[in-house]
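The file run19.txt comes next; it holds compact mmCIF, C-alpha atoms.
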```
# COMPACT_ATOMS: atom_id res chain seq x y z
CA MET A 1 31.19 -11.48 -17.87
CA SER A 2 34.17 -13.77 -17.59
CA TYR A 3 33.06 -16.58 -15.27
CA SER A 4 33.54 -20.20 -16.30
CA HIS A 5 30.35 -22.25 -16.71
CA PRO A 6 30.94 -24.24 -13.48
CA HIS A 7 31.46 -20.92 -11.68
CA VAL A 8 28.13 -19.59 -13.02
CA TRP A 9 26.42 -22.76 -11.77
CA LEU A 10 28.06 -22.32 -8.37
CA ILE A 11 26.54 -18.82 -8.17
CA ILE A 12 23.13 -20.13 -9.29
CA LEU A 13 23.13 -23.00 -6.77
CA ALA A 14 24.35 -20.87 -3.86
CA LEU A 15 21.79 -18.17 -4.63
CA GLY A 16 19.06 -20.82 -4.96
CA VAL A 17 19.92 -22.45 -1.63
CA GLY A 18 20.31 -19.09 0.13
CA THR A 19 17.00 -17.79 -1.20
CA TYR A 20 15.24 -21.03 -0.23
CA LEU A 21 16.62 -20.85 3.32
CA ILE A 22 15.32 -17.26 3.64
CA ARG A 23 11.85 -18.41 2.52
CA PHE A 24 11.87 -21.52 4.70
CA SER A 25 13.33 -19.63 7.68
CA PHE A 26 10.27 -19.11 9.87
CA LEU A 27 7.97 -21.67 8.23
CA GLY A 28 10.46 -24.49 8.72
CA ILE A 29 13.48 -23.63 10.82
CA ILE A 30 13.07 -20.78 13.29
CA GLY A 31 9.38 -21.36 14.05
CA ASN A 32 7.37 -19.11 16.27
CA ARG A 33 10.12 -17.07 17.90
CA PRO A 34 9.64 -13.31 17.62
CA LEU A 35 12.33 -11.27 15.88
CA PRO A 36 13.67 -8.09 17.47
CA PRO A 37 11.49 -5.21 16.14
CA ILE A 38 14.55 -3.37 14.78
CA ILE A 39 15.35 -6.33 12.48
CA LEU A 40 11.74 -6.43 11.24
CA ARG A 41 11.95 -2.73 10.48
CA MET A 42 15.19 -3.14 8.54
CA LEU A 43 13.77 -6.00 6.46
CA ARG A 44 11.05 -3.66 5.23
CA TYR A 45 13.66 -1.45 3.56
CA THR A 46 15.92 -4.04 1.94
CA PRO A 47 14.55 -3.77 -1.64
CA VAL A 48 14.55 0.07 -1.72
CA ALA A 49 17.99 0.09 -0.13
CA VAL A 50 19.64 -2.24 -2.66
CA MET A 51 17.96 -1.70 -6.04
CA PRO A 52 18.28 2.12 -6.43
CA GLY A 53 22.02 1.95 -5.75
CA LEU A 54 22.37 -0.92 -8.18
CA VAL A 55 20.59 0.88 -10.98
CA ALA A 56 21.99 4.43 -10.55
CA PRO A 57 25.41 3.77 -12.19
CA LEU A 58 23.70 1.92 -15.08
CA ILE A 59 21.65 5.05 -15.78
CA ILE A 60 24.33 7.67 -15.34
CA PHE A 61 27.19 5.74 -16.97
CA PRO A 62 25.48 3.43 -19.51
CA GLU A 63 27.92 0.99 -21.06
CA ALA A 64 26.23 1.12 -24.49
CA THR A 65 27.21 4.79 -24.93
CA GLY A 66 30.76 4.29 -23.68
CA GLY A 67 29.88 5.45 -20.17
CA SER A 68 28.52 8.97 -20.84
CA PRO A 69 24.94 9.94 -19.91
CA ASP A 70 22.59 10.13 -22.87
CA PRO A 71 19.26 11.96 -23.25
CA ALA A 72 17.16 8.97 -24.42
CA ARG A 73 18.15 6.86 -21.40
CA LEU A 74 17.63 9.74 -18.97
CA LEU A 75 14.20 10.40 -20.48
CA ALA A 76 13.31 6.71 -20.12
CA THR A 77 14.41 6.87 -16.46
CA VAL A 78 12.18 9.85 -15.62
CA VAL A 79 9.19 8.37 -17.47
CA THR A 80 9.53 4.91 -15.86
CA LEU A 81 9.77 6.37 -12.35
CA THR A 82 6.88 8.78 -12.90
CA VAL A 83 4.53 6.17 -14.35
CA GLY A 84 5.61 3.67 -11.67
CA VAL A 85 4.89 6.05 -8.79
CA TRP A 86 1.66 7.18 -10.40
CA THR A 87 0.13 3.81 -11.42
CA ARG A 88 1.91 1.61 -8.80
CA ASN A 89 2.03 -0.96 -11.59
CA VAL A 90 5.33 -2.54 -12.63
CA LEU A 91 4.21 -3.53 -16.11
CA TRP A 92 2.83 -0.10 -17.06
CA ALA A 93 6.05 1.48 -15.83
CA VAL A 94 8.16 -0.91 -17.96
CA LEU A 95 6.04 -0.30 -21.06
CA ALA A 96 6.10 3.50 -20.62
CA GLY A 97 9.87 3.36 -20.06
CA LEU A 98 10.43 1.37 -23.24
CA VAL A 99 8.22 3.72 -25.26
CA ALA A 100 10.18 6.70 -23.89
CA LEU A 101 13.50 4.96 -24.61
CA TYR A 102 12.64 4.20 -28.24
CA GLY A 103 11.01 7.60 -28.70
CA GLY A 104 14.11 9.23 -27.24
CA LEU A 105 16.48 7.17 -29.37
CA ALA A 106 14.49 8.13 -32.49
CA LEU A 107 14.49 11.82 -31.48
CA PHE A 108 18.00 12.30 -30.12
CA GLY A 109 19.79 9.22 -31.41
CA MET B 1 -17.66 -31.80 1.95
CA ALA B 2 -14.16 -30.72 3.05
CA ARG B 3 -12.90 -31.88 -0.34
CA THR B 4 -15.29 -29.72 -2.35
CA SER B 5 -14.57 -26.62 -0.27
CA ALA B 6 -10.80 -27.17 -0.65
CA LYS B 7 -11.36 -27.42 -4.40
CA THR B 8 -13.42 -24.22 -4.43
CA THR B 9 -10.74 -22.43 -2.43
CA PHE B 10 -8.03 -23.71 -4.78
CA LEU B 11 -9.95 -22.34 -7.77
CA ARG B 12 -10.47 -19.02 -6.01
CA GLY B 13 -6.70 -18.73 -5.48
CA LEU B 14 -6.18 -19.55 -9.14
CA ARG B 15 -8.71 -16.90 -10.18
CA ASP B 16 -7.15 -14.29 -7.89
CA SER B 17 -3.76 -14.93 -9.50
CA LEU B 18 -4.95 -14.20 -13.04
CA PRO B 19 -4.30 -10.42 -13.07
CA PHE B 20 -0.78 -11.01 -11.72
CA LEU B 21 -0.01 -13.33 -14.63
CA LEU B 22 -0.15 -10.33 -16.96
CA VAL B 23 2.78 -8.81 -15.05
CA VAL B 24 4.73 -11.97 -14.26
CA GLY B 25 4.77 -13.27 -17.86
CA PRO B 26 6.48 -10.28 -19.49
CA PHE B 27 8.75 -9.86 -16.46
CA ALA B 28 9.94 -13.47 -16.78
CA MET B 29 10.49 -12.98 -20.49
CA LEU B 30 12.57 -9.91 -19.77
CA PHE B 31 14.82 -11.96 -17.50
CA GLY B 32 15.31 -14.46 -20.29
CA VAL B 33 16.27 -11.68 -22.69
CA VAL B 34 18.55 -9.82 -20.23
CA GLY B 35 20.24 -13.02 -19.03
CA THR B 36 21.02 -14.09 -22.59
CA GLU B 37 22.26 -10.60 -23.49
CA ALA B 38 24.56 -10.70 -20.46
CA GLY B 39 26.19 -13.86 -21.78
CA LEU B 40 24.41 -16.70 -19.93
CA ASN B 41 23.43 -19.75 -21.93
CA ILE B 42 19.84 -21.02 -21.92
CA ALA B 43 20.53 -23.73 -19.31
CA GLU B 44 22.02 -21.12 -16.95
CA VAL B 45 19.14 -18.72 -17.49
CA MET B 46 16.70 -21.54 -16.70
CA GLY B 47 18.83 -22.56 -13.70
CA PHE B 48 18.32 -19.09 -12.21
CA THR B 49 14.62 -19.07 -12.96
CA VAL B 50 13.86 -22.54 -11.55
CA LEU B 51 16.27 -22.66 -8.59
CA VAL B 52 16.13 -19.04 -7.43
CA ILE B 53 12.61 -18.11 -8.65
CA ALA B 54 12.96 -14.48 -7.48
CA GLY B 55 13.03 -11.91 -10.26
CA ALA B 56 14.62 -8.90 -8.55
CA ALA B 57 17.43 -11.00 -7.05
CA GLN B 58 18.06 -12.71 -10.40
CA PHE B 59 18.37 -9.32 -12.13
CA THR B 60 20.67 -8.14 -9.32
CA ALA B 61 22.95 -11.15 -9.71
CA VAL B 62 23.14 -10.77 -13.50
CA THR B 63 23.94 -7.05 -13.20
CA LEU B 64 26.84 -7.73 -10.81
CA MET B 65 28.03 -10.63 -12.96
CA GLN B 66 28.36 -8.20 -15.88
CA GLU B 67 30.80 -6.25 -13.69
CA ASP B 68 32.70 -9.47 -12.90
CA ALA B 69 32.03 -8.92 -9.18
CA PRO B 70 33.40 -11.53 -6.73
CA THR B 71 31.08 -14.45 -6.00
CA LEU B 72 30.55 -13.55 -2.33
CA VAL B 73 29.60 -9.97 -3.21
CA ILE B 74 27.08 -11.20 -5.81
CA LEU B 75 25.54 -13.59 -3.29
CA ALA B 76 25.42 -11.08 -0.44
CA THR B 77 23.82 -8.37 -2.59
CA ALA B 78 21.27 -10.61 -4.30
CA LEU B 79 20.34 -12.29 -1.02
CA ALA B 80 19.92 -8.85 0.58
CA VAL B 81 17.24 -8.16 -2.05
CA ASN B 82 15.50 -11.38 -0.95
CA LEU B 83 15.66 -10.75 2.80
CA ARG B 84 12.13 -9.35 2.67
CA MET B 85 10.95 -12.93 2.15
CA ALA B 86 11.95 -13.78 5.73
CA MET B 87 9.23 -11.30 6.66
CA TYR B 88 6.72 -13.20 4.49
CA SER B 89 7.80 -16.49 6.03
CA ALA B 90 7.25 -15.09 9.53
CA ALA B 91 3.89 -13.53 8.57
CA LEU B 92 2.45 -16.78 7.18
CA LEU B 93 3.69 -19.00 10.03
CA PRO B 94 0.68 -18.34 12.34
CA TYR B 95 -1.62 -19.63 9.55
CA LEU B 96 0.48 -22.37 7.94
CA GLY B 97 2.33 -23.56 11.05
CA PRO B 98 -0.06 -26.55 11.54
CA ALA B 99 0.72 -27.89 8.02
CA LYS B 100 3.02 -30.90 7.58
CA LEU B 101 6.73 -30.19 7.15
CA TRP B 102 6.81 -31.24 3.46
CA GLN B 103 3.86 -28.97 2.77
CA ARG B 104 5.59 -26.01 4.42
CA ALA B 105 8.76 -26.90 2.47
CA LEU B 106 6.81 -26.68 -0.80
CA VAL B 107 5.13 -23.42 0.21
CA ALA B 108 8.60 -21.96 0.92
CA TYR B 109 9.79 -22.80 -2.60
CA VAL B 110 7.01 -20.71 -4.21
CA LEU B 111 6.79 -18.00 -1.54
CA VAL B 112 7.05 -14.96 -3.81
CA ASP B 113 5.75 -11.38 -3.51
CA GLN B 114 2.47 -12.19 -5.25
CA SER B 115 1.60 -15.48 -3.54
CA TYR B 116 2.43 -13.91 -0.19
CA ALA B 117 0.28 -10.82 -0.80
CA MET B 118 -2.73 -12.84 -2.00
CA SER B 119 -2.52 -15.45 0.78
CA GLN B 120 -2.03 -12.90 3.54
CA MET B 121 -5.20 -11.15 2.41
CA GLU B 122 -7.10 -14.45 2.16
CA TYR B 123 -6.00 -15.62 5.65
CA ASP B 124 -6.83 -12.24 7.17
CA THR B 125 -10.35 -12.49 5.74
CA ARG B 126 -10.92 -16.17 6.67
CA PRO B 127 -8.68 -16.93 9.61
CA GLU B 128 -10.99 -19.77 10.72
CA ALA B 129 -10.65 -21.81 7.48
CA PRO B 130 -9.14 -25.30 8.05
CA ILE B 131 -5.45 -25.77 7.19
CA GLY B 132 -6.33 -27.83 4.09
CA GLU B 133 -8.21 -24.90 2.59
CA LYS B 134 -5.43 -22.46 3.47
CA LEU B 135 -2.92 -24.65 1.64
CA ALA B 136 -5.33 -25.12 -1.27
CA TYR B 137 -5.63 -21.36 -1.68
CA PHE B 138 -1.86 -20.88 -1.64
CA ALA B 139 -1.41 -23.69 -4.19
CA GLY B 140 -4.08 -22.08 -6.38
CA THR B 141 -2.19 -18.78 -6.49
CA MET B 142 0.96 -20.45 -7.81
CA VAL B 143 -0.32 -23.32 -9.95
CA LEU B 144 -0.27 -21.17 -13.10
CA MET B 145 2.23 -18.54 -12.03
CA ALA B 146 5.23 -20.84 -11.48
CA PRO B 147 4.95 -22.72 -14.82
CA LEU B 148 4.32 -19.40 -16.60
CA TRP B 149 7.46 -17.96 -14.96
CA TYR B 150 9.57 -20.86 -16.31
CA ALA B 151 7.99 -20.90 -19.78
CA MET B 152 8.19 -17.16 -20.39
CA THR B 153 11.81 -17.02 -19.21
CA TYR B 154 12.62 -19.76 -21.71
CA LEU B 155 10.83 -17.87 -24.47
CA GLY B 156 12.72 -14.70 -23.57
CA ALA B 157 16.06 -16.53 -23.56
CA VAL B 158 15.38 -18.01 -27.00
CA LEU B 159 14.17 -14.70 -28.43
CA GLY B 160 16.84 -12.61 -26.70
CA ALA B 161 19.60 -14.14 -28.73
CA ALA B 162 17.77 -13.07 -31.92
CA ILE B 163 17.07 -9.41 -31.03
CA PRO B 164 19.40 -6.93 -32.79
CA GLU B 165 21.46 -4.38 -30.82
CA ALA B 166 19.50 -1.43 -32.23
CA PHE B 167 16.75 -2.25 -29.72
CA ALA B 168 18.96 -0.89 -26.90
CA LEU B 169 18.18 -3.89 -24.69
CA ASP B 170 21.09 -2.87 -22.47
CA PHE B 171 18.55 -0.50 -20.96
CA ALA B 172 15.80 -3.08 -20.39
CA LEU B 173 17.51 -3.96 -17.10
CA PRO B 174 17.60 -0.41 -15.64
CA ILE B 175 14.00 0.14 -16.74
CA THR B 176 12.95 -3.06 -14.99
CA PHE B 177 14.61 -2.02 -11.75
CA LEU B 178 13.12 1.48 -11.92
CA ALA B 179 9.68 -0.05 -12.48
CA LEU B 180 10.17 -2.27 -9.41
CA ILE B 181 11.45 0.59 -7.26
CA ALA B 182 8.84 3.25 -8.12
CA PRO B 183 5.76 1.52 -6.65
CA ALA B 184 7.80 0.65 -3.53
CA LEU B 185 8.36 4.36 -2.72
CA LYS B 186 5.34 4.27 -0.41
CA THR B 187 6.45 6.48 2.48
CA LEU B 188 8.96 9.22 3.18
CA ALA B 189 11.16 6.59 4.86
CA HIS B 190 11.22 4.47 1.67
CA ILE B 191 12.14 7.56 -0.38
CA VAL B 192 14.94 8.51 2.04
CA ALA B 193 16.33 4.95 1.85
CA ALA B 194 16.26 5.05 -1.96
CA VAL B 195 18.00 8.45 -2.14
CA VAL B 196 20.72 7.42 0.33
CA SER B 197 21.23 4.24 -1.68
CA VAL B 198 21.70 6.16 -4.96
CA VAL B 199 23.98 8.88 -3.55
CA LEU B 200 26.24 6.46 -1.66
CA ALA B 201 26.38 3.88 -4.46
CA LEU B 202 27.52 6.58 -6.89
CA SER B 203 30.05 8.14 -4.51
CA LEU B 204 31.39 4.72 -3.42
CA ALA B 205 31.79 3.44 -6.98
CA TRP B 206 35.58 3.51 -6.44
CA VAL B 207 35.43 0.90 -3.66
CA PRO B 208 36.91 -2.34 -5.04
CA LEU B 209 35.10 -5.68 -5.49
CA SER B 210 31.70 -3.95 -6.07
CA LEU B 211 31.46 -3.62 -2.28
CA GLY B 212 30.33 0.02 -2.52
CA LEU B 213 26.76 -1.10 -3.21
CA LEU B 214 26.61 -3.30 -0.09
CA ILE B 215 27.87 -0.43 2.08
CA ALA B 216 25.36 1.93 0.42
CA ALA B 217 22.53 -0.57 1.00
CA GLY B 218 23.40 -0.99 4.68
CA CYS B 219 23.40 2.78 5.22
CA ALA B 220 20.19 3.18 3.19
CA MET B 221 18.41 0.59 5.34
CA ALA B 222 19.52 2.36 8.51
CA ALA B 223 18.38 5.70 7.04
CA GLY B 224 14.95 4.22 6.23
CA VAL B 225 14.51 2.88 9.77
CA ALA B 226 15.75 6.16 11.31
CA THR B 227 13.27 8.15 9.21
CA GLU B 228 10.43 5.81 10.15
CA ILE B 229 11.22 6.19 13.85
CA ALA B 230 11.52 9.98 13.53
CA MET B 231 8.13 10.14 11.75
CA GLU B 232 6.50 8.05 14.48
CA ARG B 233 7.85 10.39 17.18
CA ARG B 234 6.33 13.38 15.39
CA THR B 235 2.82 11.96 15.28
```
Could I get this file's structure written as structure tokens?
Amino acid sequence: MSYSHPHVWLIILALGVGTYLIRFSFLGIIGNRPLPPIILRMLRYTPVAVMPGLVAPLIIFPEATGGSPDPARLLATVVTLTVGVWTRNVLWAVLAGLVALYGGLALFG
Amino acid sequence: MARTSAKTTFLRGLRDSLPFLLVVGPFAMLFGVVGTEAGLNIAEVMGFTVLVIAGAAQFTAVTLMQEDAPTLVILATALAVNLRMAMYSAALLPYLGPAKLWQRALVAYVLVDQSYAMSQMEYDTRPEAPIGEKLAYFAGTMVLMAPLWYAMTYLGAVLGAAIPEAFALDFALPITFLALIAPALKTLAHIVAAVVSVVLALSLAWVPLSLGLLIAAGCAMAAGVATEIAMERRT
């Protein structure tokens, strides 16, 4: 990354204020006014709409391998997703993914 | 009398939060490691953790910063990840509305996935509890979690600088996101949204300023809602 330190702090502060305003929105600012149902529905999908798209290029074009897919990282992807769907537990999924990654690197790397 | 029951409720919140600490601790540490690896110094890593206090959005911002994305794109994308918290804020208002403004302001600062989930369940079970007890429970859920979040991030940031490249920590970030996404794939609509997000993000990778992801996310959200509505019509 090539941001200056003041620039990084600007991002941190703006993200902090923005996130706080989202959390304070109904509790402190908007109060008891109902939201249109369509907006409520969309809010439910924000995490699954943003994060998969964010992570897909990191998996398919990993920077550490010069941008070409590699078997250890693909294996770790499949294992993390499977364990995550199966256990519904973030920590187990992370641990399984790391084990698969290191196992894969030892096997294929 | 009211004092003792508030204290009991506070301790119950604290006890309920214990299992979550096992997840939050390592997750915070991972942010410290990933943030340091990405090139942030310890003060900046701690700035994120204390001022933003939202793991998924922090990881999102750091990922886009590694691509040198424009500031507005970073903010829009990371804030989009946090929009779900507006839902939490709205859901808790019927219970916490009677609290004083400064109390609601403090609740908002530590309104995270875990404190929301625990408190919502508590308030559903005991809707008649006085406001003091409701606040005490909420405070109990975060009294260990917030300090643990800061401390473990710091530990991760200090350790991260010392971990050699052979550990392939570049991939700790994707694994974290995958682990956050997988349990959220609860319904067909969530799966459709995730698939649309992946396909469009990959095919829009050429769009300048890292804007492809925002477009993909907007379409994915619409696809999730459309699927949900279609499923409701069928039943």
Pick out the closest residue to chain A from this set: B:Gln120, B:Thr125, B:Thr8, B:Thr77. Count only C-alpha atoms. B:Thr77
Each side padded by 6 Å, which centre and which edge lengths in Å (one decimal) define the axis-aligned box around the listed atoms of range 55-64 of chain A? Give them as AutoDock Vina command-line options.
```
--center_x 24.3 --center_y 4.3 --center_z -17.5 --size_x 19.3 --size_y 18.8 --size_z 25.9
```
One number please: CA of Lys186 in chain B to CA of Leu40 in chain A, in Å, one decimal.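 Interatomic distance here is 17.1 Å.
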Atomic distance CA of Val198 in chain B - CA of Met42 in chain A, expressed in Å with one decimal: 17.6 Å
Restrict the distance test to all atoms listed in the file, flag each residue of chain B within 6 Å of chain A, and return the flagged residues as a ChimeraX atom specification. /B:23,48,51-52,65-66,68,81,84-86,89-90,93,108,174,178-180,182-183,193-194,197-198,201,217,220-221
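Take CA of Ala161 in chain B and CA of Asp113 in chain B: the distance between them is 28.9 Å.
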So that I can see what lies close to Leu144 in chain B, please list as a ChimeraX atom specification the residues with an atom at most 10 Å from it, counting all atoms listed in the file and leaving out residues fewer than 5 positions away in the same chain. /B:14-15,17-18,21,139,149
Just the selected residues (C-alpha atoms), exported as an mmCIF file, keeping the file's coordinate frame, please.
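Printed below is selection_34.cif as written:
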```
data_model
loop_
_atom_site.group_PDB
_atom_site.id
_atom_site.type_symbol
_atom_site.label_atom_id
_atom_site.label_comp_id
_atom_site.auth_asym_id
_atom_site.auth_seq_id
_atom_site.Cartn_x
_atom_site.Cartn_y
_atom_site.Cartn_z
ATOM 1 C CA LEU B 14 -6.180 -19.550 -9.140
ATOM 2 C CA ARG B 15 -8.710 -16.900 -10.180
ATOM 3 C CA SER B 17 -3.760 -14.930 -9.500
ATOM 4 C CA LEU B 18 -4.950 -14.200 -13.040
ATOM 5 C CA LEU B 21 -0.010 -13.330 -14.630
ATOM 6 C CA ALA B 139 -1.410 -23.690 -4.190
ATOM 7 C CA TRP B 149 7.460 -17.960 -14.960
#
```
Residue list as a list in words for point (-8.0, -22.9, -2.7), cut-off 7 Å, all atoms listed in the file: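 Result, sorted by chain then residue number: Ala6, Lys7, Thr8, Thr9, Phe10, Leu11, Arg12, Gly13, Glu133, Lys134, Leu135, Ala136, Tyr137, Phe138, Ala139 and Gly140 of chain B.
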Selected residue of minimal separation from Ala100 in chain A among B:Ile42, B:Leu79, B:Ile131, B:Ala172, counting all atoms listed in the file: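 Checking each candidate against Ala100 in chain A, we get B:Ala172 as the closest.
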